[in-house]
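Enquirer: Structure: upload.cif, mmCIF, C-alpha atoms and all ligand atoms.
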data_data
#
loop_
_atom_site.label_atom_id
_atom_site.label_comp_id
_atom_site.auth_asym_id
_atom_site.auth_seq_id
_atom_site.Cartn_x
_atom_site.Cartn_y
_atom_site.Cartn_z
CA MET T 1 127.41 82.60 82.71
CA SER T 2 124.27 81.09 84.08
CA ALA T 3 121.33 83.18 84.95
CA ASN T 4 119.84 83.20 88.36
CA THR T 5 122.93 82.18 90.26
CA PHE T 6 122.69 85.28 92.32
CA THR T 7 121.45 84.87 95.85
CA THR T 8 121.75 86.69 99.10
CA THR T 9 120.48 85.59 102.45
CA GLY T 10 117.60 87.31 104.13
CA ASP T 11 119.93 88.41 106.93
CA GLU T 12 122.24 90.25 104.63
CA SER T 13 119.38 92.08 103.00
CA ARG T 14 118.01 93.28 106.33
CA GLN T 15 121.37 94.64 107.35
CA THR T 16 122.11 96.47 104.19
CA ALA T 17 118.59 97.83 104.13
CA GLY T 18 119.28 99.99 107.13
CA ALA T 19 118.26 98.99 110.64
CA ALA T 20 120.94 97.27 112.64
CA PRO T 21 119.54 93.94 113.79
CA GLU T 22 119.63 94.86 117.46
CA ALA T 23 117.55 97.95 116.78
CA ALA T 24 114.75 95.83 115.38
CA GLY T 25 113.63 94.87 118.89
CA GLY T 26 111.76 97.20 121.16
CA GLU T 27 114.28 100.03 120.85
CA ALA T 28 113.87 101.21 117.28
CA LEU T 29 112.07 104.54 117.13
CA ARG T 30 109.91 103.25 114.35
CA PRO T 31 110.10 99.47 113.97
CA HIS T 32 109.22 97.95 110.60
CA ALA T 33 105.68 96.66 110.18
CA GLU T 34 106.84 93.03 110.25
CA ASP T 35 108.48 93.67 113.64
CA SER T 36 105.69 95.78 115.18
CA PHE T 37 103.06 93.27 114.20
CA ALA T 38 105.12 90.07 114.40
CA ALA T 39 102.69 88.44 116.82
CA GLU T 40 99.70 89.10 114.55
CA LEU T 41 101.58 87.80 111.52
CA ARG T 42 102.52 84.63 113.39
CA ALA T 43 98.94 84.04 114.53
CA LEU T 44 97.67 84.55 111.00
CA ALA T 45 100.26 82.15 109.54
CA ALA T 46 99.26 79.51 112.10
CA ALA T 47 95.55 79.88 111.41
CA ASP T 48 95.93 80.15 107.66
CA ASP T 49 95.03 76.94 105.85
CA ARG T 50 94.34 78.45 102.44
CA PRO T 51 96.71 78.04 99.50
CA ARG T 52 99.67 80.43 99.46
CA PRO T 53 101.29 81.60 96.25
CA GLU T 54 104.90 80.47 96.05
CA ARG T 55 107.19 82.18 98.64
CA TRP T 56 104.28 84.06 100.18
CA GLN T 57 104.26 84.00 103.96
CA LEU T 58 100.45 84.05 104.00
CA SER T 59 97.53 83.31 101.69
CA PRO T 60 95.89 86.28 99.95
CA TRP T 61 92.95 85.92 102.35
CA ALA T 62 95.24 86.19 105.37
CA VAL T 63 97.08 89.17 103.89
CA ALA T 64 93.75 90.97 103.42
CA THR T 65 92.74 90.07 106.98
CA TYR T 66 96.06 91.44 108.25
CA LEU T 67 95.35 94.76 106.55
CA LEU T 68 91.65 95.07 107.31
CA GLY T 69 91.59 93.41 110.73
CA GLY T 70 89.40 90.64 112.09
CA THR T 71 89.18 87.93 114.72
CA LEU T 72 90.73 84.51 114.10
CA ALA T 73 89.11 81.23 115.07
CA ASP T 74 91.36 80.99 118.16
CA GLY T 75 90.21 84.41 119.33
CA THR T 76 93.33 86.35 118.25
CA VAL T 77 92.35 89.88 117.33
CA ILE T 78 94.00 91.31 114.22
CA THR T 79 93.97 95.11 114.37
CA PRO T 80 92.91 96.96 111.24
CA LYS T 81 95.86 98.68 109.58
CA TYR T 82 93.93 100.16 106.69
CA VAL T 83 90.47 101.63 107.19
CA GLY T 84 88.65 101.82 103.89
CA PRO T 85 86.80 99.79 101.27
CA ARG T 86 87.52 96.04 101.58
CA ARG T 87 87.44 95.63 97.81
CA ILE T 88 90.42 97.95 97.37
CA VAL T 89 92.54 95.76 99.60
CA GLU T 90 91.34 92.59 97.90
CA VAL T 91 92.23 93.94 94.47
CA ALA T 92 95.65 95.11 95.68
CA VAL T 93 96.49 91.75 97.25
CA THR T 94 95.25 89.79 94.26
CA THR T 95 97.35 91.91 91.93
CA LEU T 96 100.48 90.92 93.82
CA ALA T 97 99.70 87.28 93.10
CA THR T 98 99.61 87.96 89.34
CA ASP T 99 102.36 88.95 86.94
CA ARG T 100 101.36 92.59 87.07
CA ALA T 101 102.85 95.03 89.54
CA LEU T 102 100.76 97.20 91.86
CA LEU T 103 100.56 100.98 91.66
CA LEU T 104 98.97 102.71 94.65
CA LEU T 105 97.77 106.12 93.62
CA GLY T 106 96.06 108.89 95.57
CA VAL T 107 96.27 112.38 97.02
CA PRO T 108 98.82 112.93 99.80
CA GLY T 109 98.14 111.27 103.11
CA THR T 110 95.81 108.54 101.89
CA ALA T 111 98.03 105.78 103.33
CA LYS T 112 99.77 104.71 100.11
CA THR T 113 103.13 104.26 101.81
CA TRP T 114 101.49 102.71 104.85
CA VAL T 115 99.56 100.15 102.79
CA SER T 116 102.61 99.37 100.68
CA GLU T 117 104.70 98.67 103.78
CA HIS T 118 102.07 96.44 105.35
CA LEU T 119 101.45 94.53 102.12
CA ALA T 120 105.16 93.78 101.75
CA ALA T 121 105.39 92.77 105.43
CA ALA T 122 102.46 90.37 105.15
CA VAL T 123 103.31 88.90 101.75
CA SER T 124 107.11 88.58 102.06
CA GLY T 125 107.75 89.10 105.76
CA ASP T 126 110.06 91.99 104.84
CA SER T 127 109.07 95.56 103.98
CA THR T 128 112.61 96.92 103.70
CA LEU T 129 113.39 96.25 100.03
CA LEU T 130 112.65 99.86 99.29
CA VAL T 131 113.69 102.42 96.69
CA GLN T 132 112.80 106.01 97.58
CA GLY T 133 111.95 107.87 94.40
CA THR T 134 113.23 111.42 93.98
CA ALA T 135 114.17 113.62 91.06
CA GLY T 136 117.75 112.46 91.68
CA THR T 137 117.15 108.70 91.85
CA PRO T 138 119.83 107.12 89.63
CA GLU T 139 119.47 103.95 87.60
CA GLU T 140 121.75 102.16 90.07
CA ALA T 141 119.08 102.50 92.74
CA ILE T 142 116.83 100.29 90.66
CA ARG T 143 119.42 98.06 88.97
CA TYR T 144 122.77 97.69 90.75
CA GLY T 145 125.88 99.64 91.58
CA TRP T 146 129.52 98.78 92.19
CA ASN T 147 131.74 98.67 95.23
CA TYR T 148 134.60 100.65 93.71
CA ALA T 149 137.30 99.33 96.03
CA ARG T 150 136.48 95.77 94.99
CA LEU T 151 135.97 96.76 91.40
CA LEU T 152 139.47 98.27 91.25
CA ALA T 153 141.05 95.40 93.11
CA HIS T 154 139.37 92.49 91.35
CA GLY T 155 137.68 93.87 88.25
CA PRO T 156 133.98 93.46 87.50
CA SER T 157 132.64 90.46 89.37
CA ARG T 158 129.63 89.43 91.39
CA GLU T 159 131.55 90.29 94.55
CA ALA T 160 132.04 93.88 93.40
CA LEU T 161 128.40 94.28 92.45
CA VAL T 162 126.05 96.04 94.86
CA PRO T 163 122.52 94.85 94.17
CA SER T 164 119.60 97.27 94.44
CA PRO T 165 116.59 96.38 96.59
CA VAL T 166 114.74 95.52 93.38
CA MET T 167 117.48 93.11 92.32
CA ARG T 168 117.47 91.46 95.73
CA ALA T 169 113.70 91.08 95.65
CA MET T 170 113.94 89.45 92.19
CA ALA T 171 116.62 87.01 93.30
CA GLN T 172 114.79 86.06 96.49
CA GLY T 173 111.22 86.05 95.21
CA MET T 174 110.15 88.91 97.47
CA THR T 175 108.16 92.12 97.29
CA ALA T 176 110.09 95.23 96.23
CA ARG T 177 108.77 98.71 96.93
CA VAL T 178 109.26 101.90 94.95
CA GLU T 179 108.09 105.07 96.67
CA GLU T 180 106.99 108.14 94.69
CA LEU T 181 107.50 106.52 91.29
CA THR T 182 106.40 109.60 89.35
CA ARG T 183 109.15 111.73 90.87
CA ILE T 184 111.80 109.52 89.30
CA PRO T 185 113.11 110.81 85.95
CA ALA T 186 111.42 109.09 83.00
CA ASP T 187 114.54 107.35 81.65
CA VAL T 188 115.27 105.88 85.08
CA GLN T 189 111.65 104.77 85.47
CA ASP T 190 111.96 102.92 82.22
CA THR T 191 114.56 100.62 83.77
CA LEU T 192 111.57 98.98 85.39
CA ILE T 193 110.04 97.98 82.07
CA THR T 194 112.44 95.07 81.51
CA VAL T 195 112.17 94.11 85.15
CA LEU T 196 108.39 93.99 85.03
CA SER T 197 107.84 92.56 81.58
CA GLU T 198 110.82 90.24 81.07
CA LYS T 199 111.26 89.62 84.81
CA THR T 200 114.97 89.85 84.31
CA LEU T 201 117.71 92.34 85.03
CA PRO T 202 120.68 92.13 82.64
CA ILE T 203 124.22 92.78 83.91
CA PRO T 204 126.04 93.50 80.63
CA GLU T 205 129.38 94.10 82.40
CA LEU T 206 129.41 90.46 83.48
CA GLY T 207 127.50 89.00 80.57
CA GLN T 208 124.98 87.75 83.10
CA GLU T 209 121.48 88.44 84.21
CA VAL T 210 119.37 88.06 87.30
CA GLN T 211 116.08 86.34 86.67
CA ALA T 212 113.21 86.98 89.02
CA VAL T 213 112.10 83.89 90.86
CA ARG T 214 108.48 83.18 91.71
CA GLY T 215 107.16 85.30 94.50
CA PHE T 216 108.75 88.49 93.15
CA ASN T 217 106.52 91.47 92.61
CA LEU T 218 106.68 95.20 93.02
CA ILE T 219 104.53 97.83 94.73
CA ALA T 220 104.93 101.43 93.61
CA THR T 221 103.27 104.48 95.12
CA ALA T 222 102.59 107.78 93.40
CA ASN T 223 101.01 110.98 94.47
CA ASP T 224 98.46 112.31 92.03
CA ARG T 225 98.93 115.86 93.33
CA ASP T 226 102.58 115.78 92.34
CA ARG T 227 103.24 116.02 88.69
CA GLY T 228 100.84 113.29 87.93
CA VAL T 229 100.75 109.74 86.78
CA ASN T 230 100.69 111.01 83.21
CA GLU T 231 104.39 111.06 83.46
CA LEU T 232 104.53 107.31 83.56
CA SER T 233 105.25 106.13 80.06
CA SER T 234 102.40 104.09 78.67
CA ALA T 235 104.75 101.13 78.30
CA LEU T 236 105.42 101.20 82.02
CA ARG T 237 101.85 101.94 83.02
CA ARG T 238 100.68 98.82 81.23
CA ARG T 239 102.79 96.73 83.60
CA PHE T 240 100.87 98.01 86.60
CA ASN T 241 97.42 97.50 88.01
CA THR T 242 96.45 100.84 89.47
CA VAL T 243 94.56 101.01 92.75
CA VAL T 244 93.39 104.44 93.86
CA LEU T 245 93.26 104.99 97.61
CA PRO T 246 90.40 107.39 98.44
CA LEU T 247 90.11 109.95 101.21
CA PRO T 248 88.04 108.60 104.12
CA ALA T 249 84.39 108.50 103.04
CA THR T 250 82.73 109.65 106.26
CA PRO T 251 83.69 111.80 109.26
CA ASP T 252 83.32 108.77 111.55
CA GLU T 253 85.74 106.77 109.43
CA GLU T 254 88.28 109.58 109.54
CA VAL T 255 87.89 110.05 113.31
CA ASP T 256 88.41 106.30 113.67
CA ILE T 257 91.63 106.40 111.59
CA VAL T 258 93.00 109.43 113.43
CA SER T 259 92.28 108.10 116.91
CA ARG T 260 93.71 104.68 116.13
CA ARG T 261 96.94 106.08 114.74
CA VAL T 262 97.29 108.71 117.44
CA GLY T 263 96.85 105.93 120.00
CA GLN T 264 99.62 103.89 118.38
CA ILE T 265 102.01 106.80 117.89
CA GLY T 266 101.23 108.13 121.38
CA ARG T 267 102.09 104.78 122.93
CA SER T 268 105.44 104.69 121.17
CA LEU T 269 106.19 108.22 122.46
CA ASP T 270 104.86 107.46 125.96
CA LEU T 271 101.99 109.89 125.60
CA PRO T 272 98.85 108.81 127.43
CA ALA T 273 95.87 109.00 125.08
CA GLY T 274 92.66 109.22 127.05
CA PRO T 275 89.15 108.96 125.66
CA GLU T 276 88.66 112.62 126.70
CA GLY T 277 90.59 113.63 123.61
CA LEU T 278 87.95 112.26 121.27
CA ASP T 279 86.02 115.54 121.15
CA GLU T 280 89.11 117.39 119.98
CA ILE T 281 89.88 114.72 117.38
CA ARG T 282 86.34 115.03 116.09
CA ARG T 283 86.78 118.79 115.89
CA VAL T 284 90.09 118.60 114.00
CA VAL T 285 88.54 116.15 111.54
CA THR T 286 85.46 118.37 111.10
CA VAL T 287 87.59 121.46 110.38
CA PHE T 288 89.77 119.56 107.91
CA ARG T 289 86.84 117.98 106.09
CA GLU T 290 84.87 121.20 105.84
CA LEU T 291 87.79 123.18 104.48
CA ARG T 292 88.76 120.37 102.11
CA ALA T 293 85.22 120.11 100.76
CA GLY T 294 84.64 123.88 100.70
CA LEU T 295 81.31 123.33 102.46
CA THR T 296 80.12 123.09 106.06
CA THR T 297 78.87 119.72 107.31
CA ASP T 298 75.26 120.92 107.32
CA GLY T 299 75.68 121.85 103.65
CA ARG T 300 74.53 125.45 104.30
CA THR T 301 77.70 127.53 104.02
CA LYS T 302 80.12 127.52 101.13
CA LEU T 303 83.76 127.97 102.11
CA LYS T 304 86.99 128.74 100.35
CA SER T 305 89.53 125.91 100.44
CA PRO T 306 93.11 126.60 101.49
CA SER T 307 96.08 125.65 99.32
CA GLY T 308 97.31 122.80 101.56
CA THR T 309 95.93 119.27 101.30
CA LEU T 310 94.65 118.92 104.88
CA SER T 311 95.03 115.18 104.66
CA THR T 312 94.21 112.58 107.27
CA ALA T 313 97.95 112.25 107.82
CA GLU T 314 98.13 115.94 108.78
CA ALA T 315 95.16 115.54 111.11
CA ILE T 316 97.07 112.72 112.78
CA SER T 317 100.12 114.89 113.35
CA VAL T 318 98.07 117.88 114.59
CA VAL T 319 96.46 115.65 117.22
CA THR T 320 99.74 113.93 118.14
CA ASN T 321 101.44 117.30 118.63
CA GLY T 322 98.47 118.50 120.65
CA LEU T 323 98.74 115.45 122.86
CA ALA T 324 102.43 116.12 123.43
CA LEU T 325 101.62 119.72 124.42
CA ALA T 326 98.92 118.55 126.79
CA THR T 327 101.24 115.99 128.35
CA HIS T 328 104.27 118.20 128.82
CA PHE T 329 102.69 121.59 129.46
CA GLY T 330 99.10 120.87 130.45
CA ASP T 331 97.26 118.40 132.64
CA GLY T 332 97.51 115.56 130.15
CA VAL T 333 94.01 116.04 128.73
CA LEU T 334 93.84 117.12 125.11
CA ARG T 335 92.03 120.47 124.83
CA SER T 336 91.25 123.09 122.19
CA GLY T 337 94.31 125.14 123.04
CA ASP T 338 96.55 122.18 122.27
CA VAL T 339 95.31 121.64 118.75
CA ALA T 340 94.64 125.25 117.68
CA ALA T 341 98.22 126.10 116.72
CA GLY T 342 98.63 122.84 114.83
CA ILE T 343 95.44 123.43 112.86
CA LEU T 344 96.54 126.94 112.00
CA GLY T 345 99.89 125.62 110.79
CA ALA T 346 98.23 122.98 108.61
CA VAL T 347 95.69 125.38 107.11
CA VAL T 348 97.84 128.46 106.54
CA ARG T 349 100.52 127.32 104.13
CA ASP T 350 100.45 130.39 101.95
CA PRO T 351 100.69 133.30 104.43
CA ALA T 352 98.58 135.67 102.34
CA ALA T 353 95.75 133.74 100.69
CA ASP T 354 95.33 131.00 103.28
CA ARG T 355 95.18 133.41 106.18
CA VAL T 356 92.16 135.09 104.60
CA VAL T 357 90.48 131.71 104.12
CA TRP T 358 91.17 130.81 107.73
CA GLN T 359 89.92 134.12 109.18
CA GLU T 360 86.72 133.83 107.21
CA TYR T 361 86.14 130.28 108.41
CA LEU T 362 86.91 131.29 111.98
CA GLU T 363 84.50 134.23 112.02
CA THR T 364 81.63 132.77 110.02
CA VAL T 365 81.65 129.12 111.09
CA VAL T 366 83.69 128.46 114.24
CA ARG T 367 82.43 131.49 116.14
CA GLU T 368 78.77 130.65 115.63
CA ARG T 369 78.92 126.96 116.37
CA ASP T 370 77.45 125.54 119.59
CA GLY T 371 80.06 124.17 121.96
CA TRP T 372 82.97 125.62 119.97
CA LYS T 373 83.53 128.73 122.14
CA ASP T 374 86.76 127.47 123.71
CA PHE T 375 88.08 126.42 120.37
CA TYR T 376 87.21 129.79 118.86
CA ARG T 377 89.04 131.58 121.66
CA ALA T 378 92.09 129.33 121.33
CA CYS T 379 92.21 129.93 117.59
CA ARG T 380 91.92 133.67 118.01
CA GLU T 381 94.84 133.59 120.40
CA VAL T 382 97.17 131.77 118.02
CA SER T 383 95.96 133.62 114.91
CA ALA T 384 96.64 137.06 116.35
N1 LIG F 1 92.46 104.95 105.32
C1 LIG F 1 93.44 104.90 106.23
N2 LIG F 1 93.58 103.85 107.05
C2 LIG F 1 94.56 103.79 107.98
N3 LIG F 1 95.50 104.73 108.14
C3 LIG F 1 95.42 105.82 107.35
C4 LIG F 1 94.40 105.96 106.35
N4 LIG F 1 94.58 107.14 105.71
C5 LIG F 1 95.67 107.71 106.28
N5 LIG F 1 96.19 106.93 107.25
C6 LIG F 1 97.37 107.23 108.08
O1 LIG F 1 97.97 108.37 107.55
C7 LIG F 1 99.37 108.32 107.72
C8 LIG F 1 100.07 108.78 106.47
O2 LIG F 1 99.93 107.85 105.47
P1 LIG F 1 101.02 107.69 104.32
O3 LIG F 1 102.31 108.32 104.68
O4 LIG F 1 101.03 106.26 103.96
O5 LIG F 1 100.36 108.55 103.17
P2 LIG F 1 100.77 108.65 101.64
O6 LIG F 1 99.52 108.39 100.88
O7 LIG F 1 101.95 107.79 101.36
O8 LIG F 1 101.12 110.18 101.53
P3 LIG F 1 102.17 110.93 100.55
O9 LIG F 1 101.48 111.07 99.22
O10 LIG F 1 102.36 112.23 101.24
O11 LIG F 1 103.40 110.07 100.49
C9 LIG F 1 99.71 106.92 108.15
O12 LIG F 1 100.08 106.99 109.49
C10 LIG F 1 98.41 106.15 108.01
O13 LIG F 1 98.27 105.28 109.07
MG MG F 2 103.91 108.22 100.79
#
Give the structure from the file, written as structure tokens.
Expert:
Amino acid sequence: MSANTFTTTGDESRQTAGAAPEAAGGEALRPHAEDSFAAELRALAAADDRPRPERWQLSPWAVATYLLGGTLADGTVITPKYVGPRRIVEVAVTTLATDRALLLLGVPGTAKTWVSEHLAAAVSGDSTLLVQGTAGTPEEAIRYGWNYARLLAHGPSREALVPSPVMRAMAQGMTARVEELTRIPADVQDTLITVLSEKTLPIPELGQEVQAVRGFNLIATANDRDRGVNELSSALRRRFNTVVLPLPATPDEEVDIVSRRVGQIGRSLDLPAGPEGLDEIRRVVTVFRELRAGLTTDGRTKLKSPSGTLSTAEAISVVTNGLALATHFGDGVLRSGDVAAGILGAVVRDPAADRVVWQEYLETVVRERDGWKDFYRACREVSA
């Protein structure tokens, strides 16, 4: 009955986590971060001469460089994954090297999931040890379940046990991820308390336990627009360091994020992203920021805000959809008409109240603005 006798190989974990190994190459529709950016991770590991915490693939410095971007001594360019305050990334990475877990908190679309995936990829080389939190997440998703055929045939045994991603991460000293922690029912959330404070997961049926080995930690994300972090019990909250991811501070930063991501997504969908589209991206970002803030950029006109969140993530999908329209039904250049419908869809969530907000914005701001005539016309067409 010894503790910590439980091991699985990395290969097994990747297979059970979802993607078939052959799909991990160029063919997967959305490859995991560690596959998409394998070359960057290799270059960082080669250049990285700083101390690495046990079982980390990179030093904390190299993990932060992977997220924020930079140029290595040998000239390799590391693309920025996260655009935002450096300190936030440094605190997040440092937390993972301590005995406290990391909670990424923020409004929707502030890259919580994105950052969590890239952190796990850089720290452990594997971002797939993932539990998706929902109102129906059972305890087994965090602890372990049973293969009933084996359980009936052989009784309770290690062979019949199906480890959760968290259990596998503990046994292998890797990074586990829990998405949307605050959506998980409170009693199921509390399963994590023993995991995070005792660093062990008891298996009473076998009289055994799995002890976390060094290198294990956990990244959770939670949306503070949902039902709120207040729902985390204080016992659990104490086990986390909370890092709040902010909305992009300036319009330029947001335009930068949107154009970078649209470029990446566009490439994977074979959509040509030309620099001509930048004006439209700037316009989408301006509309989103003004409506979000309830104020025009020049600070002169107060606006009503619609019920939706109008996040950066939504701006990214409005522009990506626009680009697809331009490619398949236009001349390939992103224009006002290609983004107008997408913007309308993002703004008008509640057909009654939001439509009024949108019409008012259209007639008082868009109509009067220099160089926005085409956009105004395109919006009128789709709003009618
Ligand atoms: N500051 C940022 N830097 C880089 N990418 C960003 C940033 N903000 C948003 N994004 C992009 O927005 C997209 C959505 O992010 P993500 O899904 O991680 O958001 P989220 O915070 O998890 O949202 P939700 O609360 O809805 O789960 C990603 O493609 C990400 O690249
Ligand atoms: Mg998310």
Enquirer: Under the rule that all atoms listed in the file are counted, which of T:Val258, T:Leu119, T:Leu271, T:Ala220 is the nearest residue to Arg100 (chain T)?
Expert: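 Closest to Arg100 (chain T), using all atoms listed in the file: T:Ala220.
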Enquirer: Here is a test: counting all atoms listed in the file, which residue of T:Gly133, T:Thr128, T:Tyr82, T:Gly70 is nearest to His32 (chain T)?
Expert: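 Result for the nearest residue to His32 (chain T): T:Thr128.
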Enquirer: For ligand LIG 1 (chain F), list the contacting residues at 6 Å or closer, counting only C-alpha atoms and all ligand atoms, as an NGL selection string.
Expert: :T and (81-84 or 107-114 or 223 or 248 or 257 or 261 or 312-313)
Enquirer: Grab the CA of Ala222 (chain T) to CA of Ile203 (chain T) distance for me, in Å with one decimal place.
Expert: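 CA of Ile203 (chain T) lies at a distance of 28.0 Å from CA of Ala222 (chain T).
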Enquirer: With distances taken over only C-alpha atoms and all ligand atoms, which of T:Asp35, T:Glu27, T:Asp354, T:Glu179 is nearest to ligand MG 2 (chain F)?
Expert: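 Distance minimum relative to ligand MG 2 (chain F) lands on T:Glu179.
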Enquirer: Give me region 329-355 of chain T with N, CA and C atoms filled in, as an mmCIF file, in the coordinates of the input.
Expert:
data_model
loop_
_atom_site.group_PDB
_atom_site.id
_atom_site.type_symbol
_atom_site.label_atom_id
_atom_site.label_comp_id
_atom_site.auth_asym_id
_atom_site.auth_seq_id
_atom_site.Cartn_x
_atom_site.Cartn_y
_atom_site.Cartn_z
ATOM 1 N N PHE T 329 102.950 120.240 128.944
ATOM 2 C CA PHE T 329 102.690 121.590 129.460
ATOM 3 C C PHE T 329 101.280 121.780 129.995
ATOM 4 N N GLY T 330 100.463 120.740 129.934
ATOM 5 C CA GLY T 330 99.100 120.870 130.450
ATOM 6 C C GLY T 330 98.848 119.795 131.475
ATOM 7 N N ASP T 331 97.572 119.413 131.631
ATOM 8 C CA ASP T 331 97.260 118.400 132.640
ATOM 9 C C ASP T 331 97.100 117.013 132.011
ATOM 10 N N GLY T 332 97.547 116.871 130.783
ATOM 11 C CA GLY T 332 97.510 115.560 130.150
ATOM 12 C C GLY T 332 96.238 115.312 129.350
ATOM 13 N N VAL T 333 95.258 116.199 129.495
ATOM 14 C CA VAL T 333 94.010 116.040 128.730
ATOM 15 C C VAL T 333 94.060 116.949 127.509
ATOM 16 N N LEU T 334 93.787 116.364 126.355
ATOM 17 C CA LEU T 334 93.840 117.120 125.110
ATOM 18 C C LEU T 334 92.700 118.149 125.069
ATOM 19 N N ARG T 335 93.065 119.427 124.899
ATOM 20 C CA ARG T 335 92.030 120.470 124.830
ATOM 21 C C ARG T 335 92.224 121.340 123.593
ATOM 22 N N SER T 336 91.232 122.228 123.382
ATOM 23 C CA SER T 336 91.250 123.090 122.190
ATOM 24 C C SER T 336 92.573 123.818 122.004
ATOM 25 N N GLY T 337 93.085 124.356 123.125
ATOM 26 C CA GLY T 337 94.310 125.140 123.040
ATOM 27 C C GLY T 337 95.487 124.334 122.523
ATOM 28 N N ASP T 338 95.427 123.014 122.686
ATOM 29 C CA ASP T 338 96.550 122.180 122.270
ATOM 30 C C ASP T 338 96.540 121.876 120.768
ATOM 31 N N VAL T 339 95.372 121.957 120.180
ATOM 32 C CA VAL T 339 95.310 121.640 118.750
ATOM 33 C C VAL T 339 95.225 122.895 117.870
ATOM 34 N N ALA T 340 94.881 124.042 118.480
ATOM 35 C CA ALA T 340 94.640 125.250 117.680
ATOM 36 C C ALA T 340 95.852 125.645 116.836
ATOM 37 N N ALA T 341 97.036 125.678 117.459
ATOM 38 C CA ALA T 341 98.220 126.100 116.720
ATOM 39 C C ALA T 341 98.533 125.133 115.582
ATOM 40 N N GLY T 342 98.366 123.855 115.853
ATOM 41 C CA GLY T 342 98.630 122.840 114.830
ATOM 42 C C GLY T 342 97.690 122.993 113.641
ATOM 43 N N ILE T 343 96.419 123.253 113.941
ATOM 44 C CA ILE T 343 95.440 123.430 112.860
ATOM 45 C C ILE T 343 95.814 124.643 112.020
ATOM 46 N N LEU T 344 96.155 125.719 112.721
ATOM 47 C CA LEU T 344 96.540 126.940 112.000
ATOM 48 C C LEU T 344 97.722 126.656 111.069
ATOM 49 N N GLY T 345 98.709 125.939 111.588
ATOM 50 C CA GLY T 345 99.890 125.620 110.790
ATOM 51 C C GLY T 345 99.550 124.771 109.572
ATOM 52 N N ALA T 346 98.598 123.852 109.731
ATOM 53 C CA ALA T 346 98.230 122.980 108.610
ATOM 54 C C ALA T 346 97.416 123.744 107.560
ATOM 55 N N VAL T 347 96.576 124.674 108.044
ATOM 56 C CA VAL T 347 95.690 125.380 107.110
ATOM 57 C C VAL T 347 96.431 126.507 106.386
ATOM 58 N N VAL T 348 97.200 127.282 107.149
ATOM 59 C CA VAL T 348 97.840 128.460 106.540
ATOM 60 C C VAL T 348 99.219 128.084 106.002
ATOM 61 N N ARG T 349 99.255 127.659 104.775
ATOM 62 C CA ARG T 349 100.520 127.320 104.130
ATOM 63 C C ARG T 349 101.048 128.524 103.371
ATOM 64 N N ASP T 350 100.119 129.163 102.674
ATOM 65 C CA ASP T 350 100.450 130.390 101.950
ATOM 66 C C ASP T 350 100.015 131.543 102.862
ATOM 67 N N PRO T 351 100.999 132.324 103.384
ATOM 68 C CA PRO T 351 100.690 133.300 104.430
ATOM 69 C C PRO T 351 99.620 134.310 104.009
ATOM 70 N N ALA T 352 99.546 134.651 102.744
ATOM 71 C CA ALA T 352 98.580 135.670 102.340
ATOM 72 C C ALA T 352 97.198 135.061 102.119
ATOM 73 N N ALA T 353 97.074 134.232 101.097
ATOM 74 C CA ALA T 353 95.750 133.740 100.690
ATOM 75 C C ALA T 353 95.114 132.850 101.751
ATOM 76 N N ASP T 354 95.906 131.951 102.326
ATOM 77 C CA ASP T 354 95.330 131.000 103.280
ATOM 78 C C ASP T 354 94.879 131.670 104.566
ATOM 79 N N ARG T 355 95.565 132.725 104.945
ATOM 80 C CA ARG T 355 95.180 133.410 106.180
ATOM 81 C C ARG T 355 93.772 134.008 106.038
#
